[in-house]
Structure formats: structure tokens, C-alpha cells
Amino acid sequence: MYNLIGAGLIVIGAGIGLGQIGGKAMEGIARNPEATPKIATNMIIIAALLEGLAFGAIFLGR
Amino acid sequence: MFFVDYAYICKNFFSAYFYCFMKNKATKHLKILALLAIIFTAFNLHANSDPQEGGIVDTKEEVEAYILHHIKDSHDFNFFSYSDAEGVRHHFGFPLPVIVKASTGLVSFMSSEFHHDDQGHEIVENNGLRFAKIHGKIFELEPTATEVVFDDEHQAVNATKTLDLSITKSVMGILIIGLFLLFSFSALARQYKTKQVPTGFGRVLEPLVIFVRDDIAKPNIGEKYYRKFIGYLLTVFFFIWSLNLAGLTPLGFNVTGQLAVTGALAILTLVIYTANGNKDYWLHILWMPGVPYWLRPILAVIELAGALLIKPFSLLVRLYANISAGHIVVMSLIAIMYTLKDSLGLAGATALSFALSFFIMLIEVLVAFLQAYIFTVLSALFIGMAVAEHEHH
């Protein structure tokens with residue numbers, strides 16, 4: 001049971017992090033639509049790092 | 001699971017077709033899509049109505065066992081299997097060679113001698129040694145033993161685990177993909193001797209190669225050193241992308257979803273960026289400037305662990321978890337048509353499973369590219385950090 005609670009907390013953390021970076025990326029694109037490729041690329045990289053962290057935590061929890 | 005695999009094939013074609021022609025609004029394509037959807041549904045309904053097939057994957061435990069079996073590596077290619085009217089199980093597929101290092105050296109035989117047994121009942125005799133396969137691991141039985149006996153800690157009491165060097169399904173996948181990449185890229189490279197612009201399949205590969213060079217290698221490693229590492233980055237990018245895509249086909253490959261494969265790739269990156277670290281790199285790890293002297297040993301330990309353990313570990317887990325979790329989700333959603341058969345009715349469960357797994361397949365195609373891109377970008381980043389030259393203050 002505690003495994004599931006832990007997994008839920010991990011997902012909350014990942015969700016908050018991805019939401020933050022996604023929100024800031026959206027703001028940046030809204031301010032400067034010409035820089036969209038650069039902003040989107042960096043957003044994807046940071047999202048992948050975060051997901052890696054979340055998956056690593058789930059993997060270790062198993 | 002004969003018909004489920006056919007349903008998987010139909011759904012794959014559906015997703016691939018939809019993805020390619022999404023922008024084309026002609027109704028001709030909609031009709032073909034509708035036809036594929038009807039074929040998919042027909043196979044599912046037939047599978048559910050057939051008394052032999054419908055009862056095989058009914059409970060949650062059977063679904064889990066089926067999925068886990070498909071995630072794991074196996075010693076033979078089993079496309080699908082079914083039971084005929086007398087309850088005899090037929091398998092379509094072909095066996096792969098088993099090569100193990102037993103007590104007398106290397107022994108090899110075809111995995112068909114195990115007769116699709118995974119519980120250790122079938123014993124293969126070869127060169128006087130006797131082998132049994134349990135959950136994919138091959139044990140060498142002692143001369144007097146007839147069956148492998150496990151003690152409380154799941155250690156075999158009367159058998160030893162052999163060193164398994166066989167050609168398994170994943171090894172075959174790597175070989176096939178490796179040969180495919182070798183042929184396509186060498187053909188592309190040969191074309192530059194005679195012309196400026198490539199033709200044929202090279203036209204697809206050239207922009208991707210330029211993408212890796214200009215957007216991944218040059219910004220992260222810098223103009224001076226990128227040529228030394230571009231070969232590795234290109235290899236890793238196309239290798240992981242092709243293997244991820246191969247895992248989405250109904251052939252049953254799951255190469256990048258194995259810890260061993262992603263571990264090997266992560267170790268390769270580790271070796272490359274550790275061997276090419278210059279003096280500034282090691283200085284910043286072990287005796288970093290700008291930090292009070294008493295703090296430096298503590299930070300050195302943390303930085304060393306980060307550089308040698310955490311970075312490759314994160315590369316490993318990111319790729320492994322993304323791909324295997326994706327496969328598990330797709331198969332679970334397909335299995336919905338069996339598990340929810342009672343509550344939603346046959347047609348409802350099939351429609352729900354079709355819709356959900358279709359969208360998840362689209363996401364998986366994106367994830368296949370994304371994970372390859374991320375692995376390559378992070379490898380380039382780490383290499384760039386190792387060979388970076390700082391101006392000294």
C-alpha cells in the first residue's frame with residue numbers, strides 16, 4: 001500500500017515540475033514567438049531530465 | 001493469443017497509417033482507416049467468441065503474466081500460439097540457438113529442444129550434461145538430479161546457473177538493426193564520392209545526420225572537438241531510435257526495454273566522457289575553484305559520485321523505464337478488451353481498448369524519437385563538459 005502512496009507522490013512531484021517548466025516556456029513563447037524552437041528544445045530537455053528522475057524513483061521504489 | 005496478435009498488427013498499421021496521412025483530408029484514407037478498424041474489431045470479436053481463445057486471458061493475473069512474458073527476453077521467436085480443438089498447443093515461430101558456458105566449456109544447442117517449456121520440466125541432454133530452463137534462466141543439473149529444487153532464498157540446490165551467451169531475441173534484434181544501419185549509412189556515404197546530393201533512402205538519412213551534427217554535437221561539444229565524437233553520437237541516436245521503433249512492431253522485440261542494453265549504452269557514454277576529460281574537468285570535480293578549502297573534500301566526493309555513478313545511472317533508467325513502461329501500458333490497454341468484457345460488454349470493451357491503445361501508440365512513436373534524442377543530447381552535453389576549455393581568470 002505504501003508503494004502506491006509513494007508512487008502517487010512521485011507523480012505529483014513530476015507533475016508540478018513539468019507544469020512549472022511548461023508554463024514558463026509558454027510565457028516565453030508568448031513574449032517572443034520567433035524564439036519558439038530554442039525555447040521548445042530546452043523545455044524538452046528539462047522535461048526529459050525530470051521524467052528521468054521520476055522514473056528512477058519509481059524504479060528504485062520497486 | 002493468436003487473434004490478439006493479429007489485432008495488434010491491425011492496430012499498428014492503423015496508427016502508422018493515421019500518423020503518416022494525418023494531414024491529408026481525402027475521404028479515401030478515411031475509408032481505408034475505417035476498414036482497418038472493422039478488421040480489428042472483427043478479430044477481437046472472433047477471439048472472444050471462440051471458446052478455446054476466450055478463456056485464456058481472462059483474469060488480471062493471466063494478463064500480468066502474459067505482459068511480463070512479452071517484456072522479458074526469450075530464447076526463441078514466438079509470433080503467436082494457439083490451442084486447437086484437442087487442446088494441443090501450436091506455436092508459430094522459430095527457435096534460436098542456445099550457447100551456454102557450462103562446467104565443461106561452451107555448449108550449444110537449439111532452443112527447440114526445450115519444447116517451449118519454461119518451468120524446468122523438459123531436460124535437454126547434451127555432451128553428457130543436462131540442462132533445464134526456468135523463467136528464461138538455463139540451469140545445469142547435477143548428474144543425479146531429475147528436477148531443479150529451490151531452497152528458501154530461491155537458490156538452486158542441485159543445479160548451477162550457467163553463463164548464458166545465447167543468441168536471444170534481443171541479440172537478434174540488435175544484429176538485424178545493426179546490419180540495417182550499416183547498409184543504409186554505408187550506402188549513403190558511398191554516394192558522396194560521385195554526387196553532391198544523395199538519392200534514394202539517403203535522402204531521408206542526410207537531414208537527420210545534419211540535424212545531429214548541427215543541433216546536438218556542435219552546440220554542446222564545440223567546433224574544435226565535435227568531429228572526434230560525432231561518430232558515437234550518430235550511432236547512438238540511430239541505434240536507439242531504430243530499436244525503439246522495432247519494439248513497437250508486433251514482432252515482439254523489446255531490446256531497449258532491457259536493463260542490459262541500456263546499461264551497456266550508458267557505460268559506453270561513461271567511458272567516453274571519462275577518458276576524454278581534460279585537466280580543467282577533473283579540477284572542477286575534485287578541487288573546484290571558488291569554494292572554501294574545508295568544503296572541497298566533501299564536495300569532491302559528491303561530484304565524483306555524480307560524474308561516475310549518477311549520470312550514467314540516470315541515462316540507463318530514463319531509457320529503460322520509458323520504453324518498458326510504454327510497452328506495458330500498450331499491452332495493458334489492449335488487454336482491456338478481455339478484462340472489461342463482463343462490465344462493458346464485448347463491443348464496448350473492444351471499442352474502448354481500440355481508442356485508448358491507438359492514442360497510446362501515437363505517443364509511443366513520439367517517445368521512441370524523443371528518448372533517442374534525449375540520450376544523444378545528454379551524451380553530447382557530458383562529453384562537452386569533459387572537453388570544454390575554460391579561459392583562466
# chains A, B, ... in the order shown; residues from 1 in each chain; ligands from 1
>>> interface_residues(of="chain B", to="chain A", cutoff="12 Å", atoms="only C-alpha atoms", output="JSON, numbers by chain")
{"B": [215, 216, 259, 310, 311, 312, 313, 314, 315, 316, 317, 318, 319, 320, 321, 322, 323, 324, 325, 326, 367, 370, 371, 372, 373, 374, 375, 376, 377, 378, 381]}
>>> write_last_selection(atoms="N, CA and C atoms", output="CSV table (one decimal), in the first residue's frame")
chain,number,residue,atom,x,y,z
B,215,ASP,N,22.7,20.5,-34.5
B,215,ASP,CA,21.8,20.8,-33.3
B,215,ASP,C,22.2,20.1,-32.1
B,216,ILE,N,23.0,19.0,-32.2
B,216,ILE,CA,23.3,18.3,-31.0
B,216,ILE,C,24.8,18.3,-30.7
B,259,LEU,N,17.5,-4.0,-19.3
B,259,LEU,CA,18.4,-3.2,-18.5
B,259,LEU,C,19.8,-3.4,-19.1
B,310,ILE,N,26.0,8.7,-11.0
B,310,ILE,CA,24.6,9.1,-11.1
B,310,ILE,C,24.3,9.5,-12.6
B,311,LYS,N,25.3,10.1,-13.3
B,311,LYS,CA,25.0,10.4,-14.7
B,311,LYS,C,24.7,9.2,-15.5
B,312,PRO,N,25.5,8.2,-15.5
B,312,PRO,CA,25.2,7.0,-16.4
B,312,PRO,C,23.9,6.3,-15.9
B,313,PHE,N,23.7,6.3,-14.5
B,313,PHE,CA,22.6,5.6,-14.0
B,313,PHE,C,21.3,6.3,-14.5
B,314,SER,N,21.3,7.6,-14.5
B,314,SER,CA,20.1,8.3,-15.0
B,314,SER,C,19.9,8.0,-16.4
B,315,LEU,N,20.9,8.0,-17.2
B,315,LEU,CA,20.8,7.7,-18.7
B,315,LEU,C,20.1,6.3,-18.8
B,316,LEU,N,20.6,5.3,-18.0
B,316,LEU,CA,20.2,4.0,-18.1
B,316,LEU,C,18.7,3.9,-17.8
B,317,VAL,N,18.3,4.5,-16.6
B,317,VAL,CA,16.9,4.3,-16.1
B,317,VAL,C,16.0,5.1,-17.0
B,318,ARG,N,16.4,6.2,-17.4
B,318,ARG,CA,15.4,7.0,-18.2
B,318,ARG,C,15.0,6.2,-19.5
B,319,LEU,N,16.0,5.7,-20.2
B,319,LEU,CA,15.6,5.0,-21.4
B,319,LEU,C,14.9,3.7,-21.1
B,320,TYR,N,15.4,2.9,-20.1
B,320,TYR,CA,14.8,1.6,-19.8
B,320,TYR,C,13.3,1.8,-19.4
B,321,ALA,N,13.1,2.8,-18.4
B,321,ALA,CA,11.8,2.9,-17.8
B,321,ALA,C,10.8,3.4,-18.8
B,322,ASN,N,11.2,4.4,-19.6
B,322,ASN,CA,10.3,5.0,-20.6
B,322,ASN,C,9.8,3.9,-21.6
B,323,ILE,N,10.8,3.1,-22.1
B,323,ILE,CA,10.4,2.2,-23.2
B,323,ILE,C,9.6,1.0,-22.6
B,324,SER,N,10.1,0.4,-21.5
B,324,SER,CA,9.4,-0.8,-21.0
B,324,SER,C,8.0,-0.3,-20.4
B,325,ALA,N,7.9,0.8,-19.7
B,325,ALA,CA,6.6,1.3,-19.2
B,325,ALA,C,5.7,1.5,-20.4
B,326,GLY,N,6.2,2.1,-21.5
B,326,GLY,CA,5.3,2.3,-22.7
B,326,GLY,C,4.8,0.9,-23.2
B,367,VAL,N,7.6,9.0,-28.3
B,367,VAL,CA,8.6,8.7,-27.3
B,367,VAL,C,9.8,8.0,-27.8
B,370,LEU,N,11.9,10.7,-29.1
B,370,LEU,CA,12.3,11.6,-28.0
B,370,LEU,C,13.4,11.0,-27.1
B,371,GLN,N,13.2,9.8,-26.8
B,371,GLN,CA,14.2,9.1,-25.9
B,371,GLN,C,15.6,9.0,-26.6
B,372,ALA,N,15.6,8.7,-27.9
B,372,ALA,CA,16.8,8.7,-28.6
B,372,ALA,C,17.5,10.1,-28.6
B,373,TYR,N,16.7,11.1,-28.9
B,373,TYR,CA,17.2,12.5,-28.9
B,373,TYR,C,17.7,12.9,-27.6
B,374,ILE,N,17.0,12.6,-26.5
B,374,ILE,CA,17.5,13.0,-25.2
B,374,ILE,C,18.8,12.3,-24.8
B,375,PHE,N,18.8,10.9,-25.1
B,375,PHE,CA,20.1,10.2,-24.8
B,375,PHE,C,21.2,10.9,-25.5
B,376,THR,N,21.0,11.2,-26.8
B,376,THR,CA,22.1,11.8,-27.6
B,376,THR,C,22.5,13.1,-27.0
B,377,VAL,N,21.5,14.0,-26.7
B,377,VAL,CA,21.8,15.3,-26.2
B,377,VAL,C,22.5,15.3,-24.9
B,378,LEU,N,22.1,14.4,-24.0
B,378,LEU,CA,22.8,14.3,-22.7
B,378,LEU,C,24.2,13.8,-22.9
B,381,LEU,N,26.2,16.6,-24.1
B,381,LEU,CA,26.4,17.5,-23.0
B,381,LEU,C,27.5,17.1,-22.1
>>> residues_around(residues="range 153-156 of chain B", least_positions_apart="5", cutoff="12 Å", atoms="only C-alpha atoms", output="list in words")
Gly120, Ala132, Ile134, Lys137, Ile138, Phe139, Glu140, Leu141, Glu142, Ala145, Glu147, Val148, Lys161 and Thr162 of chain B
>>> select_by_dssp(residues="range 95-189 of chain B", states="strand (DSSP E or B)", output="MDAnalysis selection string")
chainID B and resid 95 97:102 105:110 119:126 129:134 137:141 150 156 159:161 163:164
>>> write_last_selection(atoms="N, CA and C atoms", output="CSV table (one decimal), in the first residue's frame")
chain,number,residue,atom,x,y,z
B,95,PRO,N,13.0,-21.3,-33.4
B,95,PRO,CA,13.9,-21.3,-32.3
B,95,PRO,C,15.2,-20.6,-32.6
B,97,PRO,N,19.5,-20.3,-31.4
B,97,PRO,CA,20.5,-21.2,-30.8
B,97,PRO,C,20.8,-20.8,-29.3
B,98,VAL,N,21.0,-21.8,-28.5
B,98,VAL,CA,21.3,-21.5,-27.1
B,98,VAL,C,22.8,-21.8,-26.9
B,99,ILE,N,23.6,-20.9,-26.4
B,99,ILE,CA,25.0,-21.1,-26.3
B,99,ILE,C,25.3,-20.8,-24.8
B,100,VAL,N,25.7,-21.8,-24.0
B,100,VAL,CA,26.0,-21.6,-22.6
B,100,VAL,C,27.4,-22.0,-22.3
B,101,LYS,N,27.9,-21.4,-21.3
B,101,LYS,CA,29.2,-21.9,-20.8
B,101,LYS,C,29.0,-22.7,-19.6
B,102,ALA,N,29.0,-24.0,-19.7
B,102,ALA,CA,28.8,-24.9,-18.6
B,102,ALA,C,30.1,-25.4,-18.0
B,105,GLY,N,32.9,-26.2,-20.6
B,105,GLY,CA,33.2,-25.3,-21.6
B,105,GLY,C,31.9,-24.9,-22.4
B,106,LEU,N,32.0,-24.4,-23.6
B,106,LEU,CA,30.9,-23.9,-24.3
B,106,LEU,C,30.1,-25.0,-24.9
B,107,VAL,N,28.8,-25.0,-24.7
B,107,VAL,CA,27.9,-26.0,-25.2
B,107,VAL,C,26.8,-25.2,-26.0
B,108,SER,N,26.4,-25.8,-27.1
B,108,SER,CA,25.3,-25.1,-27.9
B,108,SER,C,24.4,-26.1,-28.4
B,109,PHE,N,23.1,-25.7,-28.4
B,109,PHE,CA,22.0,-26.5,-29.0
B,109,PHE,C,20.9,-25.6,-29.3
B,110,MET,N,19.9,-26.0,-30.1
B,110,MET,CA,18.8,-25.2,-30.5
B,110,MET,C,17.8,-25.2,-29.3
B,119,GLN,N,9.2,-24.1,-17.3
B,119,GLN,CA,9.1,-24.3,-15.9
B,119,GLN,C,10.1,-25.3,-15.4
B,120,GLY,N,11.0,-25.8,-16.3
B,120,GLY,CA,12.1,-26.7,-15.8
B,120,GLY,C,11.7,-28.1,-15.9
B,121,HIS,N,10.6,-28.5,-16.6
B,121,HIS,CA,10.2,-29.9,-16.7
B,121,HIS,C,11.0,-30.6,-17.8
B,122,GLU,N,11.3,-29.9,-18.9
B,122,GLU,CA,11.9,-30.5,-20.0
B,122,GLU,C,13.4,-30.5,-19.8
B,123,ILE,N,14.1,-31.6,-19.8
B,123,ILE,CA,15.6,-31.6,-19.6
B,123,ILE,C,16.3,-32.0,-20.9
B,124,VAL,N,17.2,-31.2,-21.3
B,124,VAL,CA,18.0,-31.4,-22.5
B,124,VAL,C,19.3,-32.0,-22.2
B,125,GLU,N,19.6,-33.1,-22.9
B,125,GLU,CA,20.9,-33.7,-22.7
B,125,GLU,C,21.8,-33.4,-23.8
B,126,ASN,N,23.0,-32.9,-23.5
B,126,ASN,CA,24.0,-32.5,-24.5
B,126,ASN,C,25.4,-32.8,-24.0
B,129,LEU,N,25.9,-33.5,-20.3
B,129,LEU,CA,25.4,-32.5,-19.4
B,129,LEU,C,23.9,-32.4,-19.6
B,130,ARG,N,23.2,-32.0,-18.5
B,130,ARG,CA,21.7,-31.9,-18.6
B,130,ARG,C,21.3,-30.5,-18.2
B,131,PHE,N,20.5,-29.9,-19.0
B,131,PHE,CA,20.1,-28.5,-18.8
B,131,PHE,C,18.6,-28.4,-18.6
B,132,ALA,N,18.1,-27.5,-17.8
B,132,ALA,CA,16.7,-27.2,-17.7
B,132,ALA,C,16.6,-25.6,-17.7
B,133,LYS,N,15.4,-25.2,-18.3
B,133,LYS,CA,15.2,-23.8,-18.4
B,133,LYS,C,14.0,-23.4,-17.5
B,134,ILE,N,14.3,-22.5,-16.6
B,134,ILE,CA,13.2,-22.0,-15.7
B,134,ILE,C,13.2,-20.5,-15.7
B,137,LYS,N,16.0,-18.7,-17.4
B,137,LYS,CA,17.4,-18.9,-17.0
B,137,LYS,C,17.7,-20.4,-17.2
B,138,ILE,N,18.9,-20.7,-17.7
B,138,ILE,CA,19.3,-22.1,-18.0
B,138,ILE,C,20.2,-22.6,-16.9
B,139,PHE,N,19.7,-23.7,-16.3
B,139,PHE,CA,20.5,-24.3,-15.2
B,139,PHE,C,21.1,-25.6,-15.7
B,140,GLU,N,22.3,-25.9,-15.2
B,140,GLU,CA,22.9,-27.2,-15.5
B,140,GLU,C,22.7,-28.1,-14.3
B,141,LEU,N,22.0,-29.2,-14.5
B,141,LEU,CA,21.7,-30.1,-13.4
B,141,LEU,C,22.8,-31.0,-13.0
B,150,PHE,N,14.6,-25.6,-5.5
B,150,PHE,CA,15.0,-24.3,-4.9
B,150,PHE,C,14.8,-24.3,-3.4
B,156,ALA,N,19.2,-22.4,-6.4
B,156,ALA,CA,19.1,-23.7,-6.8
B,156,ALA,C,20.0,-24.6,-6.0
B,159,ALA,N,21.5,-27.6,-8.8
B,159,ALA,CA,21.9,-27.2,-10.2
B,159,ALA,C,22.7,-25.9,-10.1
B,160,THR,N,23.5,-25.6,-11.1
B,160,THR,CA,24.2,-24.3,-11.1
B,160,THR,C,23.7,-23.5,-12.3
B,161,LYS,N,23.7,-22.2,-12.1
B,161,LYS,CA,23.3,-21.4,-13.2
B,161,LYS,C,24.5,-21.3,-14.2
B,163,LEU,N,26.6,-19.6,-17.6
B,163,LEU,CA,26.8,-18.3,-18.2
B,163,LEU,C,26.2,-18.3,-19.5
B,164,ASP,N,25.1,-17.6,-19.7
B,164,ASP,CA,24.2,-17.7,-20.8
B,164,ASP,C,24.7,-16.7,-21.9
>>> atom_distance(atom1="CA of Leu283 in chain B", atom2="CA of Gly222 in chain B")
20.1 Å
>>> residues_around(residues="Gly247 in chain B", least_positions_apart="6", cutoff="12 Å", atoms="only C-alpha atoms", output="list in words")
Asn12, His70, Ile71, Lys169, Ser170, Gly173, Ile174, Ile177, Ile240, Trp241, Phe253, Asn254, Val255, Thr256, Gly257, Gln258, Ile323, Ser324, Gly326, His327, Ile328, Val330, Met361, Glu364, Val365, Val367 and Ala368 of chain B
>>> atom_distance(atom1="CA of Leu304 in chain B", atom2="CA of Leu286 in chain B")
7.3 Å
>>> select_by_dssp(residues="range 181-240 of chain B", states="alpha helix (DSSP H)", output="PyMOL selection string")
chain B and resi 181-191+202-211+218-221+226-240
>>> write_last_selection(atoms="C-alpha atoms", output="mmCIF file, in the first residue's frame")
data_model
loop_
_atom_site.group_PDB
_atom_site.id
_atom_site.type_symbol
_atom_site.label_atom_id
_atom_site.label_comp_id
_atom_site.auth_asym_id
_atom_site.auth_seq_id
_atom_site.Cartn_x
_atom_site.Cartn_y
_atom_site.Cartn_z
ATOM 1 C CA LEU B 181 22.030 0.703 -40.149
ATOM 2 C CA LEU B 182 25.368 -0.460 -41.526
ATOM 3 C CA PHE B 183 23.970 -0.987 -45.003
ATOM 4 C CA SER B 184 21.924 2.206 -45.158
ATOM 5 C CA PHE B 185 24.638 4.520 -43.900
ATOM 6 C CA SER B 186 27.465 2.994 -45.874
ATOM 7 C CA ALA B 187 25.316 3.297 -48.983
ATOM 8 C CA LEU B 188 24.730 6.953 -48.120
ATOM 9 C CA ALA B 189 28.430 7.575 -47.546
ATOM 10 C CA ARG B 190 29.372 5.938 -50.829
ATOM 11 C CA GLN B 191 27.075 8.276 -52.715
ATOM 12 C CA GLY B 202 19.900 8.501 -48.307
ATOM 13 C CA ARG B 203 17.606 11.466 -48.822
ATOM 14 C CA VAL B 204 15.818 10.530 -45.604
ATOM 15 C CA LEU B 205 19.017 9.981 -43.653
ATOM 16 C CA GLU B 206 21.018 13.039 -44.723
ATOM 17 C CA PRO B 207 18.870 15.718 -42.983
ATOM 18 C CA LEU B 208 18.840 13.596 -39.833
ATOM 19 C CA VAL B 209 22.619 13.315 -39.846
ATOM 20 C CA ILE B 210 22.902 17.075 -40.352
ATOM 21 C CA PHE B 211 20.405 17.561 -37.521
ATOM 22 C CA LYS B 218 28.276 21.373 -32.414
ATOM 23 C CA PRO B 219 26.397 23.424 -29.772
ATOM 24 C CA ASN B 220 27.314 21.064 -26.936
ATOM 25 C CA ILE B 221 30.839 19.956 -27.761
ATOM 26 C CA TYR B 226 32.996 17.672 -32.202
ATOM 27 C CA ARG B 227 34.442 15.656 -35.093
ATOM 28 C CA LYS B 228 36.067 13.228 -32.715
ATOM 29 C CA PHE B 229 32.762 12.241 -31.131
ATOM 30 C CA ILE B 230 30.240 12.691 -33.932
ATOM 31 C CA GLY B 231 30.535 9.006 -34.916
ATOM 32 C CA TYR B 232 29.489 7.821 -31.477
ATOM 33 C CA LEU B 233 26.626 10.340 -31.243
ATOM 34 C CA LEU B 234 25.247 9.390 -34.644
ATOM 35 C CA THR B 235 25.483 5.692 -33.836
ATOM 36 C CA VAL B 236 23.750 6.051 -30.501
ATOM 37 C CA PHE B 237 20.992 8.244 -31.929
ATOM 38 C CA PHE B 238 20.022 5.986 -34.817
ATOM 39 C CA PHE B 239 20.604 2.779 -32.878
ATOM 40 C CA ILE B 240 18.252 3.755 -30.050
#
>>> atom_distance(atom1="CA of Glu303 in chain B", atom2="CA of Ile285 in chain B")
5.6 Å
>>> decode(residues="range 5-17 of chain A", atoms="N, CA and C atoms", output="PDB file, in the first residue's frame")
ATOM      1  N   ILE A   5       1.274   4.886  -2.381  1.00  0.00           N
ATOM      2  CA  ILE A   5       1.301   6.276  -1.914  1.00  0.00           C
ATOM      3  C   ILE A   5       2.578   6.939  -2.396  1.00  0.00           C
ATOM      4  N   GLY A   6       3.698   6.209  -2.282  1.00  0.00           N
ATOM      5  CA  GLY A   6       4.967   6.770  -2.764  1.00  0.00           C
ATOM      6  C   GLY A   6       4.914   7.080  -4.244  1.00  0.00           C
ATOM      7  N   ALA A   7       4.361   6.134  -5.024  1.00  0.00           N
ATOM      8  CA  ALA A   7       4.274   6.377  -6.462  1.00  0.00           C
ATOM      9  C   ALA A   7       3.424   7.605  -6.755  1.00  0.00           C
ATOM     10  N   GLY A   8       2.334   7.767  -5.991  1.00  0.00           N
ATOM     11  CA  GLY A   8       1.496   8.942  -6.186  1.00  0.00           C
ATOM     12  C   GLY A   8       2.245  10.225  -5.899  1.00  0.00           C
ATOM     13  N   LEU A   9       3.064  10.221  -4.823  1.00  0.00           N
ATOM     14  CA  LEU A   9       3.829  11.427  -4.503  1.00  0.00           C
ATOM     15  C   LEU A   9       4.839  11.747  -5.599  1.00  0.00           C
ATOM     16  N   ILE A  10       5.469  10.674  -6.131  1.00  0.00           N
ATOM     17  CA  ILE A  10       6.423  10.902  -7.217  1.00  0.00           C
ATOM     18  C   ILE A  10       5.728  11.569  -8.389  1.00  0.00           C
ATOM     19  N   VAL A  11       4.527  11.071  -8.726  1.00  0.00           N
ATOM     20  CA  VAL A  11       3.825  11.641  -9.880  1.00  0.00           C
ATOM     21  C   VAL A  11       3.443  13.084  -9.607  1.00  0.00           C
ATOM     22  N   ILE A  12       3.052  13.383  -8.333  1.00  0.00           N
ATOM     23  CA  ILE A  12       2.722  14.777  -8.013  1.00  0.00           C
ATOM     24  C   ILE A  12       3.943  15.659  -8.242  1.00  0.00           C
ATOM     25  N   GLY A  13       5.102  15.199  -7.734  1.00  0.00           N
ATOM     26  CA  GLY A  13       6.318  15.988  -7.915  1.00  0.00           C
ATOM     27  C   GLY A  13       6.631  16.226  -9.378  1.00  0.00           C
ATOM     28  N   ALA A  14       6.576  15.139 -10.164  1.00  0.00           N
ATOM     29  CA  ALA A  14       6.870  15.284 -11.587  1.00  0.00           C
ATOM     30  C   ALA A  14       5.860  16.208 -12.259  1.00  0.00           C
ATOM     31  N   GLY A  15       4.593  16.082 -11.857  1.00  0.00           N
ATOM     32  CA  GLY A  15       3.567  16.922 -12.464  1.00  0.00           C
ATOM     33  C   GLY A  15       3.801  18.399 -12.184  1.00  0.00           C
ATOM     34  N   ILE A  16       4.117  18.704 -10.900  1.00  0.00           N
ATOM     35  CA  ILE A  16       4.361  20.108 -10.552  1.00  0.00           C
ATOM     36  C   ILE A  16       5.557  20.635 -11.347  1.00  0.00           C
ATOM     37  N   GLY A  17       6.647  19.849 -11.375  1.00  0.00           N
ATOM     38  CA  GLY A  17       7.840  20.305 -12.083  1.00  0.00           C
ATOM     39  C   GLY A  17       7.572  20.548 -13.556  1.00  0.00           C
TER      40      GLY A  17
END
